[in-house]
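Q: My file is model.csv. It has CSV, C-alpha atoms:
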```
chain,number,residue,atom,x,y,z
V,891,MET,CA,-12.2,-15.1,-14.7
V,892,ILE,CA,-10.3,-11.8,-15.2
V,893,ILE,CA,-8.4,-12.6,-11.9
V,894,LEU,CA,-7.3,-15.9,-13.5
V,895,VAL,CA,-6.0,-14.0,-16.5
V,896,PHE,CA,-3.9,-11.8,-14.2
V,897,THR,CA,-2.5,-14.9,-12.5
V,898,VAL,CA,-1.5,-16.3,-15.9
V,899,ILE,CA,0.1,-12.9,-16.9
V,900,LEU,CA,2.0,-12.8,-13.6
V,901,GLY,CA,3.2,-16.4,-14.3
V,902,ALA,CA,4.4,-15.4,-17.7
V,903,VAL,CA,6.2,-12.3,-16.4
V,904,ALA,CA,7.8,-14.4,-13.7
V,905,ALA,CA,8.9,-17.0,-16.3
V,906,ILE,CA,10.4,-14.4,-18.6
V,907,LEU,CA,12.3,-12.7,-15.8
V,908,SER,CA,13.5,-16.1,-14.5
V,909,GLY,CA,14.8,-16.9,-18.0
V,910,ILE,CA,16.7,-13.6,-18.1
V,911,ALA,CA,18.1,-14.1,-14.7
V,912,LEU,CA,19.1,-17.7,-15.5
V,913,ARG,CA,20.9,-16.6,-18.6
V,914,ARG,CA,23.0,-14.4,-16.4
V,915,GLY,CA,23.8,-17.4,-14.4
V,916,ARG,CA,22.3,-19.8,-12.0
V,917,ALA,CA,23.7,-18.0,-9.0
V,918,THR,CA,21.9,-14.8,-10.1
V,919,PHE,CA,18.6,-16.6,-10.3
V,920,MET,CA,19.1,-18.3,-6.9
V,921,GLU,CA,19.8,-15.0,-5.3
V,922,GLY,CA,16.5,-13.6,-6.5
V,923,PHE,CA,14.7,-16.8,-5.6
V,924,ARG,CA,16.1,-16.6,-2.0
V,925,ASP,CA,15.1,-13.0,-1.7
V,926,ALA,CA,11.6,-13.9,-3.0
V,927,LYS,CA,11.3,-16.7,-0.5
V,928,LYS,CA,12.3,-14.5,2.3
V,929,GLN,CA,9.6,-12.0,1.4
V,930,PHE,CA,7.0,-14.6,0.9
V,931,ILE,CA,7.7,-16.0,4.4
V,932,PHE,CA,7.4,-12.5,5.8
V,933,LEU,CA,4.1,-11.9,4.1
V,934,LEU,CA,2.5,-15.3,4.6
V,935,PRO,CA,1.3,-14.8,8.3
V,936,ARG,CA,0.2,-11.2,7.4
V,937,LEU,CA,-1.8,-12.5,4.6
V,938,ILE,CA,-3.5,-15.3,6.6
V,939,ILE,CA,-4.3,-13.0,9.5
V,940,GLY,CA,-5.5,-10.2,7.1
V,941,ILE,CA,-7.8,-12.5,5.2
V,942,LEU,CA,-9.1,-14.2,8.3
V,943,GLY,CA,-9.9,-10.8,9.8
V,944,SER,CA,-11.5,-9.5,6.6
V,945,GLY,CA,-14.2,-12.1,6.7
V,946,PHE,CA,-15.1,-11.9,10.3
V,947,LEU,CA,-14.8,-8.1,10.6
V,948,ALA,CA,-17.1,-7.8,7.6
V,949,HIS,CA,-19.6,-10.1,9.4
V,950,LEU,CA,-19.3,-8.0,12.6
V,951,MET,CA,-19.3,-4.6,10.9
V,952,PRO,CA,-22.5,-2.9,12.1
V,953,ARG,CA,-24.5,-2.2,9.0
V,954,GLU,CA,-26.5,0.6,10.5
V,955,ALA,CA,-23.5,2.5,11.6
V,956,VAL,CA,-21.7,1.9,8.3
V,957,LEU,CA,-24.8,3.2,6.4
V,958,ALA,CA,-25.2,6.2,8.7
V,959,TRP,CA,-21.5,7.2,8.7
V,960,PHE,CA,-20.4,6.2,5.2
V,961,GLY,CA,-23.7,5.6,3.3
V,962,PRO,CA,-24.9,7.5,0.2
V,963,ASN,CA,-26.1,10.4,2.2
V,964,SER,CA,-23.0,10.8,4.4
V,965,GLY,CA,-21.6,13.7,2.3
V,966,PHE,CA,-18.6,15.7,3.3
V,967,THR,CA,-18.7,14.4,6.9
V,968,GLY,CA,-18.6,10.8,5.6
V,969,THR,CA,-15.5,11.6,3.5
V,970,ALA,CA,-13.8,13.2,6.4
V,971,LEU,CA,-14.6,10.2,8.6
V,972,ALA,CA,-13.4,7.8,5.8
V,973,THR,CA,-10.2,9.8,5.5
V,974,LEU,CA,-9.6,9.7,9.3
V,975,ALA,CA,-10.3,6.0,9.3
V,976,GLY,CA,-7.9,5.5,6.4
V,977,ALA,CA,-5.1,7.3,8.3
V,978,LEU,CA,-5.7,5.3,11.4
V,979,THR,CA,-5.9,1.9,9.7
V,980,PRO,CA,-2.6,0.1,10.2
V,981,GLY,CA,-0.4,-0.4,7.1
V,982,GLY,CA,0.6,-3.7,5.6
V,983,PRO,CA,-0.7,-5.1,2.4
V,984,VAL,CA,-4.2,-6.4,3.2
V,985,VAL,CA,-5.9,-4.6,6.0
V,986,GLY,CA,-7.2,-1.4,4.2
V,987,TYR,CA,-8.5,-3.4,1.3
V,988,ALA,CA,-10.1,-5.9,3.6
V,989,LEU,CA,-11.9,-3.3,5.7
V,990,GLY,CA,-12.8,-1.2,2.6
V,991,SER,CA,-14.4,-4.1,0.8
V,992,ALA,CA,-16.2,-5.1,4.0
V,993,ALA,CA,-17.6,-1.6,4.3
V,994,LEU,CA,-18.7,-1.6,0.7
V,995,LYS,CA,-20.6,-4.8,1.3
V,996,ALA,CA,-22.1,-3.4,4.4
V,997,GLY,CA,-23.6,-0.5,2.4
V,998,ALA,CA,-20.9,2.2,2.4
V,999,ASP,CA,-21.0,4.6,-0.6
V,1000,PHE,CA,-18.6,3.8,-3.4
V,1001,SER,CA,-17.1,7.3,-3.3
V,1002,GLN,CA,-16.4,7.1,0.5
V,1003,VAL,CA,-14.7,3.7,0.0
V,1004,ILE,CA,-12.5,5.3,-2.7
V,1005,ALA,CA,-11.7,8.1,-0.3
V,1006,TYR,CA,-10.9,5.6,2.4
V,1007,VAL,CA,-8.5,3.6,0.2
V,1008,THR,CA,-6.9,6.8,-1.1
V,1009,ALA,CA,-6.4,8.0,2.5
V,1010,TRP,CA,-5.1,4.6,3.6
V,1011,SER,CA,-2.6,4.6,0.7
V,1012,LEU,CA,-1.3,8.1,1.2
V,1013,LEU,CA,-1.7,8.9,4.9
V,1014,THR,CA,-1.6,5.8,7.1
V,1015,ILE,CA,0.0,7.0,10.3
V,1016,ASN,CA,1.4,3.5,11.1
V,1017,ARG,CA,3.5,3.5,7.9
V,1018,MET,CA,4.8,7.1,8.6
V,1019,ILE,CA,6.0,6.1,12.1
V,1020,SER,CA,7.5,2.7,11.2
V,1021,TRP,CA,9.0,3.6,7.8
V,1022,GLU,CA,8.9,7.1,6.6
V,1023,PHE,CA,10.1,9.2,9.5
V,1024,PRO,CA,13.0,6.8,10.3
V,1025,LEU,CA,14.1,6.5,6.6
V,1026,MET,CA,13.6,9.9,5.2
V,1027,PRO,CA,14.2,13.6,6.1
V,1028,PRO,CA,11.3,14.5,8.4
V,1029,ARG,CA,10.7,17.7,6.4
V,1030,LEU,CA,10.2,15.8,3.2
V,1031,VAL,CA,7.7,13.5,5.0
V,1032,ALA,CA,5.9,16.6,6.4
V,1033,ILE,CA,5.6,18.2,2.9
V,1034,ARG,CA,4.4,14.9,1.5
V,1035,ILE,CA,1.7,14.7,4.2
V,1036,LEU,CA,0.6,18.3,3.8
V,1037,VAL,CA,0.2,18.0,0.0
V,1038,SER,CA,-1.6,14.6,0.4
V,1039,LEU,CA,-4.2,15.8,2.8
V,1040,PRO,CA,-6.8,17.1,0.2
V,1041,PHE,CA,-6.5,14.0,-2.1
V,1042,PRO,CA,-8.9,11.6,-0.4
V,1043,PHE,CA,-11.5,14.4,-0.7
V,1044,LEU,CA,-10.6,15.1,-4.3
V,1045,ALA,CA,-10.9,11.3,-5.0
V,1046,ALA,CA,-14.4,11.1,-3.5
V,1047,TRP,CA,-15.5,14.3,-5.3
V,1048,VAL,CA,-14.3,13.1,-8.7
V,1049,THR,CA,-15.9,9.7,-8.0
V,1050,MET,CA,-19.3,11.3,-7.3
V,1051,GLY,CA,-18.9,13.4,-10.4
V,1052,MET,CA,-18.2,10.4,-12.6
V,1053,ARG,CA,-20.9,8.1,-11.5
S,703,MET,CA,5.0,-14.9,25.1
S,704,THR,CA,6.8,-15.7,28.4
S,705,SER,CA,6.0,-13.5,31.4
S,706,ASP,CA,9.5,-12.1,32.1
S,707,GLY,CA,9.4,-8.8,34.0
S,708,SER,CA,12.8,-9.2,35.7
S,709,LEU,CA,14.8,-8.0,32.7
S,710,PRO,CA,13.3,-4.7,31.6
S,711,ARG,CA,16.0,-4.1,29.0
S,712,ARG,CA,15.3,-7.4,27.2
S,713,VAL,CA,11.6,-6.7,27.4
S,714,LEU,CA,12.2,-3.3,25.8
S,715,ALA,CA,14.3,-4.9,23.1
S,716,VAL,CA,11.5,-7.4,22.4
S,717,LEU,CA,8.9,-4.6,22.4
S,718,LYS,CA,10.9,-2.7,19.8
S,719,LYS,CA,11.1,-5.7,17.6
S,720,ILE,CA,7.4,-6.2,17.5
S,721,ASP,CA,5.7,-5.1,14.3
S,722,TRP,CA,2.9,-3.1,15.9
S,723,GLY,CA,0.8,-2.7,12.8
S,724,PHE,CA,0.7,-6.5,12.4
S,725,ALA,CA,0.1,-7.0,16.2
S,726,ILE,CA,-3.0,-4.7,16.0
S,727,VAL,CA,-4.3,-6.4,12.9
S,728,ALA,CA,-3.7,-9.9,14.4
S,729,THR,CA,-5.5,-8.9,17.6
S,730,LEU,CA,-8.5,-7.5,15.7
S,731,SER,CA,-8.6,-10.4,13.3
S,732,LEU,CA,-8.3,-13.3,15.9
S,733,GLY,CA,-10.5,-11.3,18.3
S,734,SER,CA,-13.3,-11.0,15.8
S,735,ALA,CA,-13.0,-14.6,14.7
S,736,SER,CA,-13.2,-15.8,18.3
S,737,TYR,CA,-16.0,-13.5,19.1
S,738,VAL,CA,-18.1,-14.8,16.2
S,739,LEU,CA,-17.3,-18.4,17.1
S,740,TRP,CA,-18.1,-17.8,20.7
S,741,LYS,CA,-21.3,-15.7,20.3
S,742,GLU,CA,-22.8,-17.1,17.1
S,743,GLY,CA,-21.3,-20.5,17.0
S,744,TRP,CA,-19.7,-22.8,14.4
S,745,ALA,CA,-22.7,-22.7,12.0
S,746,VAL,CA,-22.1,-19.0,11.4
S,747,ALA,CA,-18.3,-19.1,11.5
S,748,GLN,CA,-17.9,-22.1,9.2
S,749,PRO,CA,-19.1,-20.4,5.9
S,750,ILE,CA,-17.0,-17.3,6.7
S,751,LEU,CA,-14.0,-19.5,7.3
S,752,ALA,CA,-14.7,-21.3,4.1
S,753,GLU,CA,-14.9,-18.1,2.1
S,754,ASP,CA,-11.7,-16.8,3.7
S,755,PHE,CA,-9.9,-20.0,2.9
S,756,HIS,CA,-11.1,-19.7,-0.7
S,757,LEU,CA,-9.8,-16.2,-1.0
S,758,LEU,CA,-6.5,-17.2,0.6
S,759,VAL,CA,-6.1,-20.1,-1.9
S,760,SER,CA,-6.8,-17.7,-4.8
S,761,ILE,CA,-4.3,-15.1,-3.6
S,762,LEU,CA,-1.4,-17.3,-2.6
S,763,PRO,CA,-0.1,-18.2,-6.0
S,764,LYS,CA,-0.2,-14.5,-7.0
S,765,VAL,CA,1.6,-13.4,-3.9
S,766,ALA,CA,4.3,-16.1,-4.5
S,767,LEU,CA,4.6,-14.9,-8.2
S,768,GLY,CA,4.6,-11.3,-7.1
S,769,CYS,CA,7.4,-11.9,-4.6
S,770,LEU,CA,9.5,-13.6,-7.3
S,771,ILE,CA,8.8,-10.9,-9.9
S,772,GLY,CA,9.7,-8.2,-7.4
S,773,ALA,CA,12.9,-9.9,-6.3
S,774,LEU,CA,14.0,-10.5,-9.9
S,775,ILE,CA,13.3,-7.0,-11.1
S,776,ARG,CA,15.2,-5.5,-8.2
S,777,LEU,CA,18.0,-7.9,-9.1
S,778,LEU,CA,18.0,-7.1,-12.8
S,779,ILE,CA,17.3,-3.4,-12.7
S,780,SER,CA,19.9,-1.8,-10.6
S,781,ARG,CA,19.2,1.2,-8.4
S,782,ALA,CA,21.8,3.1,-10.4
S,783,THR,CA,19.6,2.7,-13.5
S,784,ILE,CA,16.6,4.2,-11.7
S,785,GLU,CA,18.7,7.0,-10.3
S,786,LYS,CA,19.8,7.8,-13.7
S,787,TYR,CA,16.3,8.2,-15.0
S,788,ILE,CA,14.7,10.1,-12.1
S,789,GLY,CA,17.9,11.7,-10.9
S,790,GLU,CA,17.6,14.8,-13.2
S,791,GLY,CA,13.9,15.0,-12.2
S,792,SER,CA,13.1,18.4,-13.7
S,793,GLY,CA,10.0,19.8,-15.3
S,794,LEU,CA,6.7,18.0,-15.8
S,795,ALA,CA,8.3,15.1,-17.7
S,796,GLY,CA,10.5,14.5,-14.7
S,797,LEU,CA,7.4,14.2,-12.5
S,798,ALA,CA,5.7,11.9,-14.9
S,799,LEU,CA,8.7,9.7,-15.2
S,800,ALA,CA,9.2,9.6,-11.4
S,801,ALA,CA,5.5,8.7,-10.9
S,802,LEU,CA,5.7,6.0,-13.6
S,803,ILE,CA,8.7,4.3,-12.1
S,804,GLY,CA,7.2,4.4,-8.7
S,805,MET,CA,4.1,2.7,-10.2
S,806,LEU,CA,6.1,0.0,-11.9
S,807,PHE,CA,8.9,-0.7,-9.4
S,808,PRO,CA,7.8,-3.7,-7.3
S,809,ALA,CA,9.5,-3.0,-4.0
S,810,GLY,CA,8.5,-2.7,-0.3
S,811,PRO,CA,8.8,0.3,1.9
S,812,PHE,CA,12.3,-0.7,3.0
S,813,THR,CA,13.4,0.0,-0.6
S,814,ILE,CA,11.2,2.8,-1.7
S,815,PHE,CA,11.8,5.4,1.0
S,816,PRO,CA,15.6,5.1,1.1
S,817,LEU,CA,15.5,5.2,-2.7
S,818,ALA,CA,13.6,8.5,-2.7
S,819,VAL,CA,16.3,9.9,-0.5
S,820,VAL,CA,19.1,8.7,-2.8
S,821,LEU,CA,17.2,10.2,-5.7
S,822,MET,CA,17.2,13.6,-4.1
S,823,ALA,CA,20.9,13.3,-3.4
S,824,SER,CA,21.5,12.6,-7.0
S,825,GLY,CA,19.6,15.7,-8.2
S,826,ALA,CA,15.9,15.0,-8.1
S,827,ASP,CA,13.9,17.8,-6.4
S,828,ARG,CA,11.4,17.2,-3.7
S,829,GLY,CA,8.5,17.2,-6.2
S,830,ALA,CA,10.0,14.3,-8.1
S,831,ALA,CA,10.7,12.4,-4.9
S,832,ILE,CA,7.1,12.9,-3.7
S,833,ALA,CA,5.8,11.9,-7.2
S,834,PHE,CA,7.9,8.8,-7.1
S,835,ILE,CA,6.6,7.8,-3.6
S,836,SER,CA,3.0,8.7,-4.4
S,837,GLY,CA,3.2,6.7,-7.6
S,838,TRP,CA,4.2,3.7,-5.6
S,839,LEU,CA,1.6,4.3,-2.9
S,840,LEU,CA,-1.4,5.0,-5.1
S,841,LEU,CA,-0.7,3.1,-8.3
S,842,GLY,CA,1.8,0.4,-7.4
S,843,ILE,CA,0.8,-2.2,-10.0
S,844,ASN,CA,2.2,-5.2,-8.2
S,845,ARG,CA,0.1,-4.4,-5.1
S,846,ALA,CA,-3.0,-3.7,-7.0
S,847,ILE,CA,-3.0,-7.0,-8.9
S,848,ILE,CA,-1.9,-9.1,-6.0
S,849,TRP,CA,-3.8,-7.6,-3.1
S,850,GLU,CA,-6.4,-5.1,-4.1
S,851,MET,CA,-8.1,-7.0,-6.9
S,852,PRO,CA,-9.0,-10.1,-4.9
S,853,PHE,CA,-10.9,-8.0,-2.4
S,854,PHE,CA,-12.5,-5.4,-4.6
S,855,GLY,CA,-12.6,-7.0,-8.1
S,856,PRO,CA,-11.2,-5.6,-11.3
S,857,ASP,CA,-13.9,-2.9,-11.8
S,858,PHE,CA,-13.2,-1.1,-8.6
S,859,VAL,CA,-9.4,-1.3,-9.1
S,860,LEU,CA,-9.6,0.0,-12.6
S,861,PHE,CA,-11.8,2.9,-11.6
S,862,ARG,CA,-9.6,3.8,-8.8
S,863,PHE,CA,-6.6,3.7,-11.1
S,864,VAL,CA,-8.2,6.0,-13.6
S,865,ILE,CA,-9.1,8.7,-11.1
S,866,SER,CA,-5.7,8.3,-9.2
S,867,ALA,CA,-3.6,8.3,-12.3
S,868,PRO,CA,-2.9,12.1,-12.3
S,869,MET,CA,-2.5,12.3,-8.5
S,870,PRO,CA,1.2,11.5,-8.2
S,871,MET,CA,2.1,14.3,-10.7
S,872,LEU,CA,-0.3,16.7,-9.0
S,873,LEU,CA,1.2,15.9,-5.6
S,874,GLY,CA,4.7,16.5,-7.0
S,875,LEU,CA,3.6,19.9,-8.5
S,876,LEU,CA,2.1,20.9,-5.1
S,877,ALA,CA,5.2,19.9,-3.4
S,878,ARG,CA,7.2,22.2,-5.7
S,879,LEU,CA,5.2,25.3,-4.6
S,880,PRO,CA,7.6,28.0,-3.3
S,881,LEU,CA,5.5,27.9,-0.2
S,882,PHE,CA,7.4,24.8,1.0
S,883,ASP,CA,10.8,26.3,0.3
S,884,ARG,CA,11.0,27.5,3.8
S,885,LEU,CA,10.4,24.0,5.1
S,886,MET,CA,12.9,22.4,2.7
S,887,PRO,CA,15.1,24.7,0.6
S,888,PRO,CA,15.6,23.4,-2.9
S,889,ALA,CA,19.1,21.9,-3.6
S,890,SER,CA,21.8,24.0,-5.3
S,891,LYS,CA,20.6,22.9,-8.7
S,892,GLY,CA,17.2,24.3,-7.9
S,893,GLU,CA,14.7,24.2,-10.7
S,894,ASP,CA,11.3,25.7,-9.7
S,895,LYS,CA,9.3,26.0,-12.9
S,896,ALA,CA,6.2,24.7,-11.3
```
Just give me the structure as structure tokens.
A:
Amino acid sequence: MIILVFTVILGAVAAILSGIALRRGRATFMEGFRDAKKQFIFLLPRLIIGILGSGFLAHLMPREAVLAWFGPNSGFTGTALATLAGALTPGGPVVGYALGSAALKAGADFSQVIAYVTAWSLLTINRMISWEFPLMPPRLVAIRILVSLPFPFLAAWVTMGMR
Amino acid sequence: MTSDGSLPRRVLAVLKKIDWGFAIVATLSLGSASYVLWKEGWAVAQPILAEDFHLLVSILPKVALGCLIGALIRLLISRATIEKYIGEGSGLAGLALAALIGMLFPAGPFTIFPLAVVLMASGADRGAAIAFISGWLLLGINRAIIWEMPFFGPDFVLFRFVISAPMPMLLGLLARLPLFDRLMPPASKGEDKA
């Protein structure tokens, strides 16, 4: 239900922005539309593959291992493993969420999944190699990585404290 | 696809073009689907496929809308405007603004990282640049609505947002520590009030 509400909100935002673009001229809107189409076509196979994998990987995910490694009693080691797993998970828009939600269903502790998603967002090695190091000064990337390292742990710790 | 070992240069060019993250995911994904189908049969695979299909159908319109919104915002709000707002990037307010714009600006990595570099060239310090990137990474609202919510549901996303909200600013503050000056000296303007 809430998800439907968000779709409607997105639709409204898209309509308003389209209106603004159209007032600047049809060519402006078409430029945006073409850009959007290009991105959609880029994302579509990634989306299909990601979703396909999410269902089957969740089915195959060994419950006992998930419980032992990331379960409610996994503690600091569990957070460290979740952080490592997040860093090793390839980037792209779906994979981390798909694996994280699968782990949650398989019995992983909420705080460890939060740590995993935080680590995947901040520290995925795949994104560093394919985007950050080529596009930014390596020293800036290095500082970003260094300051980000404690944050998956902080996220897990705050989560435990709040629940 | 074709087995063509005679032209190593062309092979290398093809190898460079491959999106390796996607290739790994595709292998894992198709591999696990084939494995389930082969080991456990259609009766087990069918409901999983049905659920995946359901999820796909519910995400697709949002992805399409998200792409359109992203493209239009990038078109309507010029990079110059964003540079003007984060460019000065000093103090705590600079960090907060950088994080906020990172959170709201619906762009992909091919826009965000070069933009961070441009911001630094136009006067933002490394803290503001890192707050901007982290705001996009941790709190990107486009991504959260389109991708995260269908998998985790709104409660999870909301909770994660609440605890992550201060993080981009904290990351920016940490990045401003004089400790990192040796790694990356502050620009001539240099404002280190952190």
Q: Applying 7 Å and only C-alpha atoms, which residues near stretch 818-834 of chain S remain after dropping the ones on its own chain fewer than 6 positions away? List them as a list of chain:residue names.
A: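 Listing them by chain and then by number gives V:Met1026, V:Arg1034, S:Glu785, S:Ile788, S:Gly789, S:Glu790, S:Gly791, S:Gly796, S:Leu797, S:Ala800, S:Ala801, S:Ile803, S:Gly804, S:Pro870, S:Met871, S:Leu873, S:Gly874, S:Leu875, S:Ala877, S:Arg878, S:Pro888.
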Q: Got time to write the residues from that selection, C-alpha atoms, as a tab-separated table (two decimals), keeping the file's coordinate frame?
A:
```
chain	number	residue	atom	x	y	z
V	1026	MET	CA	13.60	9.90	5.20
V	1034	ARG	CA	4.40	14.90	1.50
S	785	GLU	CA	18.70	7.00	-10.30
S	788	ILE	CA	14.70	10.10	-12.10
S	789	GLY	CA	17.90	11.70	-10.90
S	790	GLU	CA	17.60	14.80	-13.20
S	791	GLY	CA	13.90	15.00	-12.20
S	796	GLY	CA	10.50	14.50	-14.70
S	797	LEU	CA	7.40	14.20	-12.50
S	800	ALA	CA	9.20	9.60	-11.40
S	801	ALA	CA	5.50	8.70	-10.90
S	803	ILE	CA	8.70	4.30	-12.10
S	804	GLY	CA	7.20	4.40	-8.70
S	870	PRO	CA	1.20	11.50	-8.20
S	871	MET	CA	2.10	14.30	-10.70
S	873	LEU	CA	1.20	15.90	-5.60
S	874	GLY	CA	4.70	16.50	-7.00
S	875	LEU	CA	3.60	19.90	-8.50
S	877	ALA	CA	5.20	19.90	-3.40
S	878	ARG	CA	7.20	22.20	-5.70
S	888	PRO	CA	15.60	23.40	-2.90
```
Q: For chain V, list the residues within 7 Å of chain S, counting only C-alpha atoms, and write the list as a PDB file with C-alpha atoms, in the frame of the given file.
A:
```
ATOM      1  CA  THR V 897      -2.500 -14.900 -12.500  1.00  0.00           C
ATOM      2  CA  LEU V 900       2.000 -12.800 -13.600  1.00  0.00           C
ATOM      3  CA  GLY V 901       3.200 -16.400 -14.300  1.00  0.00           C
ATOM      4  CA  ALA V 904       7.800 -14.400 -13.700  1.00  0.00           C
ATOM      5  CA  LEU V 907      12.300 -12.700 -15.800  1.00  0.00           C
ATOM      6  CA  GLY V 922      16.500 -13.600  -6.500  1.00  0.00           C
ATOM      7  CA  PHE V 923      14.700 -16.800  -5.600  1.00  0.00           C
ATOM      8  CA  ASP V 925      15.100 -13.000  -1.700  1.00  0.00           C
ATOM      9  CA  ALA V 926      11.600 -13.900  -3.000  1.00  0.00           C
ATOM     10  CA  GLN V 929       9.600 -12.000   1.400  1.00  0.00           C
ATOM     11  CA  PHE V 930       7.000 -14.600   0.900  1.00  0.00           C
ATOM     12  CA  ARG V 936       0.200 -11.200   7.400  1.00  0.00           C
ATOM     13  CA  ILE V 938      -3.500 -15.300   6.600  1.00  0.00           C
ATOM     14  CA  ILE V 939      -4.300 -13.000   9.500  1.00  0.00           C
ATOM     15  CA  GLY V 940      -5.500 -10.200   7.100  1.00  0.00           C
ATOM     16  CA  ILE V 941      -7.800 -12.500   5.200  1.00  0.00           C
ATOM     17  CA  LEU V 942      -9.100 -14.200   8.300  1.00  0.00           C
ATOM     18  CA  GLY V 943      -9.900 -10.800   9.800  1.00  0.00           C
ATOM     19  CA  GLY V 945     -14.200 -12.100   6.700  1.00  0.00           C
ATOM     20  CA  PHE V 946     -15.100 -11.900  10.300  1.00  0.00           C
ATOM     21  CA  LEU V 947     -14.800  -8.100  10.600  1.00  0.00           C
ATOM     22  CA  PRO V 980      -2.600   0.100  10.200  1.00  0.00           C
ATOM     23  CA  GLY V 981      -0.400  -0.400   7.100  1.00  0.00           C
ATOM     24  CA  PRO V 983      -0.700  -5.100   2.400  1.00  0.00           C
ATOM     25  CA  VAL V 984      -4.200  -6.400   3.200  1.00  0.00           C
ATOM     26  CA  TYR V 987      -8.500  -3.400   1.300  1.00  0.00           C
ATOM     27  CA  ALA V 988     -10.100  -5.900   3.600  1.00  0.00           C
ATOM     28  CA  SER V 991     -14.400  -4.100   0.800  1.00  0.00           C
ATOM     29  CA  ILE V1004     -12.500   5.300  -2.700  1.00  0.00           C
ATOM     30  CA  SER V1011      -2.600   4.600   0.700  1.00  0.00           C
ATOM     31  CA  LEU V1012      -1.300   8.100   1.200  1.00  0.00           C
ATOM     32  CA  ASN V1016       1.400   3.500  11.100  1.00  0.00           C
ATOM     33  CA  TRP V1021       9.000   3.600   7.800  1.00  0.00           C
ATOM     34  CA  GLU V1022       8.900   7.100   6.600  1.00  0.00           C
ATOM     35  CA  LEU V1025      14.100   6.500   6.600  1.00  0.00           C
ATOM     36  CA  MET V1026      13.600   9.900   5.200  1.00  0.00           C
ATOM     37  CA  ARG V1029      10.700  17.700   6.400  1.00  0.00           C
ATOM     38  CA  ILE V1033       5.600  18.200   2.900  1.00  0.00           C
ATOM     39  CA  ARG V1034       4.400  14.900   1.500  1.00  0.00           C
ATOM     40  CA  VAL V1037       0.200  18.000   0.000  1.00  0.00           C
ATOM     41  CA  SER V1038      -1.600  14.600   0.400  1.00  0.00           C
ATOM     42  CA  ALA V1045     -10.900  11.300  -5.000  1.00  0.00           C
TER      43      ALA V1045
END
```
Q: Could you state the separation of atom CA of V:Gly986 and atom CA of S:Glu742 in Å, given to one decimal place?
A: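 If I compute the distance from atom CA of V:Gly986 to atom CA of S:Glu742, I get 25.6 Å.
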Q: Can you list, as a list in words, every protein, DNA or RNA residue that comes within 7 Å of stretch 956-972 of chain V when you count all atoms listed in the file, leaving out same-chain residues fewer than 4 positions away?
A: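 The residues satisfying every condition are Pro952, Gly976, Ala993, Ala996, Gly997, Ala998, Asp999, Gln1002, Ala1005, Tyr1006 and Phe1043 of chain V.
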Q: Using only C-alpha atoms, can you tell me which of V:Ala911, V:Leu978, V:Ile1035, V:Leu1030 comes closest to V:Val1007?
A: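 That would be V:Leu978, the residue with the smallest distance to V:Val1007.
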Q: Record the distance separating atom CA of V:Leu937 and atom CA of S:Ile843, expressed in Å with one decimal.
A: 18.1 Å
Q: What is the atom CA of V:Phe1023 to atom CA of V:Trp1010 distance in Å?
A: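 For atom CA of V:Phe1023 relative to atom CA of V:Trp1010, the distance reads 16.9 Å.
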